[in-house]
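Written out below as structure tokens is the structure these notes cover.
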Amino acid sequence: DDFNIMFMPMFVTSKMDHAINEPFTVRSEGLGDTRLSGMYRIYNEDGMSSIASLGFSIPTGEITTRDGFPDSTDGMNPRTRLPYHMRNGSGTLDLLPAITFSKNFDSSSVGIQGSSVLRLTESSLNYSLGDQYRVTSWYQYLVNELVSVNFRLLGEVYQDVRGADKQLDQSNPFFNPNQQGGAQLIGLIGANLIVPHGVLAGQRFGLEFGTPIADDLESGIHETDYVVNLNWNMSF
């Protein structure tokens, strides 16, 4: 139990509403990047544990998706590629280091985790997203043997894009690679269920909802209205 492997395919959906001149909406959805990580428990005594993990994000998400977006010369251009942060994937191989500390009590637990996303390569469109750094802390309460609820804070820092997608109109701040950085703090609440019987016995399902508490974003990043996380964990 000290070493675990996590395989995480992702499905991504994004929607951005604009109220510039005539309101319009831009959408994107599809398969995201795929994550593969190894986790090793380096300490586990007296209810306290620490886990180090290292993984990779494999670029399986689409980065050339197009949708209608204002163009500086043609007005609404249906063939414009989406802004960097609305694309389903990064287009790069990414390194995913993380360290987690937690403390278990009789019916609850607390923890904190630091993690980052480090871009190792350049995408086929000659850019790479900026590195990301995250710190999250949580409190989890065990309602009974099958159900738990959790409260979580998530802080994120984004760096600017390196390079540029040459097909984008960089006079538009949403497409300017030097306007893609920022930071935000998100509060989340969630619940988890362990299936006790049947074909799915022992598997864990989770639902989490969050909304920003504070942010400081450059003009190229649209503000987050809310976050919904759905999780399905299986153990072998």
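Following the order of the structure tokens, first chain is A, next is B, and so on, with residues numbered from 1 inside each chain and ligands from 1 in the order they appear.
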
Residues near Phe151 (chain A), cut-off 10 Å, only C-alpha atoms, skip fewer than 4 positions along chain, as a VMD selection string: chain A and resid 110 137 to 141 187 to 191 208 to 210

Those residues with C-alpha atoms, as an mmCIF file, in the first residue's frame please?
```
data_model
loop_
_atom_site.group_PDB
_atom_site.id
_atom_site.type_symbol
_atom_site.label_atom_id
_atom_site.label_comp_id
_atom_site.auth_asym_id
_atom_site.auth_seq_id
_atom_site.Cartn_x
_atom_site.Cartn_y
_atom_site.Cartn_z
ATOM 1 C CA VAL A 110 -6.925 17.473 7.499
ATOM 2 C CA SER A 137 -5.697 22.362 1.949
ATOM 3 C CA TRP A 138 -8.766 20.465 3.143
ATOM 4 C CA TYR A 139 -10.870 19.214 6.015
ATOM 5 C CA GLN A 140 -12.774 15.944 5.550
ATOM 6 C CA TYR A 141 -15.460 14.601 7.874
ATOM 7 C CA GLY A 187 -13.295 27.506 -2.172
ATOM 8 C CA LEU A 188 -14.829 24.060 -2.685
ATOM 9 C CA ILE A 189 -17.257 21.718 -0.930
ATOM 10 C CA GLY A 190 -17.762 18.072 -1.841
ATOM 11 C CA ALA A 191 -18.993 14.610 -0.897
ATOM 12 C CA GLU A 208 -17.132 18.651 -5.668
ATOM 13 C CA PHE A 209 -18.359 22.177 -6.376
ATOM 14 C CA GLY A 210 -16.344 25.369 -6.002
#
```

If you count only C-alpha atoms, which residues fall within 8 Å of Arg81 (chain A), apart from same-chain ones fewer than 2 positions away, as a list in words?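 Within the cut-off, the hits are Thr64, Thr65, Arg66, Asp67, Arg79, Pro83, Gln167 and Leu168 of chain A.
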
Take the residues that were just selected and, keeping N, CA and C atoms, output them as a CSV table (one decimal), in the first residue's frame.
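Saved to result04.csv:
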```csv
chain,number,residue,atom,x,y,z
A,64,THR,N,-6.2,22.5,-31.5
A,64,THR,CA,-6.5,23.2,-32.7
A,64,THR,C,-8.0,23.5,-32.9
A,65,THR,N,-8.8,23.3,-31.8
A,65,THR,CA,-10.2,23.5,-31.9
A,65,THR,C,-10.5,24.9,-32.3
A,66,ARG,N,-11.5,25.1,-33.2
A,66,ARG,CA,-11.9,26.4,-33.6
A,66,ARG,C,-13.4,26.7,-33.2
A,67,ASP,N,-13.7,28.0,-33.1
A,67,ASP,CA,-15.0,28.4,-32.8
A,67,ASP,C,-15.1,29.9,-33.2
A,79,ARG,N,-13.5,30.6,-37.9
A,79,ARG,CA,-12.3,29.7,-38.1
A,79,ARG,C,-11.2,30.1,-37.2
A,83,PRO,N,-8.8,30.5,-27.5
A,83,PRO,CA,-7.7,31.0,-26.6
A,83,PRO,C,-7.0,29.9,-26.0
A,167,GLN,N,-1.3,31.8,-35.6
A,167,GLN,CA,-2.5,32.0,-36.3
A,167,GLN,C,-3.5,32.9,-35.4
A,168,LEU,N,-3.1,33.2,-34.2
A,168,LEU,CA,-3.9,34.0,-33.4
A,168,LEU,C,-3.6,35.5,-33.5
```

For Gln132 (chain A), find every residue with an atom within 10 Å (counting only C-alpha atoms), except residues of its own chain fewer than 2 positions away, and show them as an NGL selection string. :A and (96 or 115-119 or 129-130 or 134 or 156-160 or 181-183)

Go through A:Ala164, A:Ala98, A:Met234, A:Ala52 and flag the residue nearest Thr136 (chain A), using only C-alpha atoms for the distances.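 When distances to Thr136 (chain A) are compared using only C-alpha atoms, the smallest one comes from A:Ala98.
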
At what distance in Å, to one decimal, does CA of Asn144 (chain A) lie from CA of Gly202 (chain A)? 14.7 Å

Using only C-alpha atoms, which protein or nucleic acid residues come within 9 Å of region 46-51 of chain A? Drop anything in the same chain fewer than 5 positions from it, and give the result as a list in words. Asp2, Met39, Tyr40, Arg41, Ala98, Ile99, Thr100, Phe101, Ser102, Lys103, Asn104 and Phe105 of chain A

Report as an NGL selection string: the residues of region 123-159 of chain A with a DSSP assignment of strand (DSSP E or B), based on the backbone of this structure. :A and (127-128 or 132-142 or 147-158)

In Å, with one decimal, what is the gap from CA of Leu153 (chain A) to CA of Pro97 (chain A)?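 Value for the CA of Leu153 (chain A)-CA of Pro97 (chain A) distance: 19.4 Å.
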
As number ranges by chain, please: the residues near Ile213 (chain A) (cut-off 9 Å, only C-alpha atoms, same-chain neighbours under 6 positions excluded). A: 184-187

Would you list the contacts of Gly38 (chain A) as a ChimeraX atom specification, taking every protein, DNA or RNA residue within 7 Å and counting only C-alpha atoms, but skipping same-chain residues closer than 3 positions in sequence? /A:4-6,53-55
